[in-house]
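Shown next, in structure tokens, is the structure this report addresses.
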Amino acid sequence: MNADTSWLNRWRTPPPEEVMGHRIEEPRLTRMAWVWGMVILGGPILLLGMAIDGVIQLITGQCTGVWCWF
């Protein structure tokens with residue numbers, strides 16, 4: 001069995017690099033990357049849900065949104 005595993009190598013993390021005996025920290029997502037990710041991905045989803053709740057309220061006359069709980 002001679003399988004081609006080149007596609008697997010793309011997903012494997014390379015070994016940590018060392019410079020002058022110090023290990024270089026691997027790249028990772030920062031807190032601001034997470035915040036912007038939530039804003040960019042979560043914002044439109046939240047707006048879409050609010051629009052759907054508004055349409056349902058206009059059609060049925062019954063408030064179904066989160067703002068009705070308060």
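How things are named: the first chain in the structure tokens is A, the next is B, and so on; residues count from 1 in each chain; ligands count from 1 in the order shown.
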Exercise. Give the strand (DSSP E) residues of stretch 3-69 of chain A, as DSSP finds them on the backbone, and put them as a ChimeraX atom specification.
Key: /A:18-19,22-23
Write out the residues from the selection above, keeping C-alpha atoms, as a PDB file, in the first residue's frame.
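Below is the file out_13.pdb, written as the result:
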```
ATOM      1  CA  GLU A  18      14.849  27.437  17.554  1.00  0.00           C
ATOM      2  CA  VAL A  19      16.939  30.572  17.187  1.00  0.00           C
ATOM      3  CA  HIS A  22      15.387  29.857  22.180  1.00  0.00           C
ATOM      4  CA  ARG A  23      12.175  28.304  20.984  1.00  0.00           C
TER       5      ARG A  23
END
```
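Computed from the coordinates, the atom CA of A:Asp53 to atom CA of A:Phe70 distance equals 15.3 Å.
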Quiz item: Residues of stretch 13-66 of chain A in helix (DSSP H, G or I) according to DSSP, as a ChimeraX atom specification?
Solution: /A:31-60,66
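Taking atom CA of A:Ile24 as the reference point, atom CA of A:Arg10 is found at 20.2 Å.
As for atom CA of A:Leu29 and atom CA of A:Leu48, they are spaced 26.9 Å apart.
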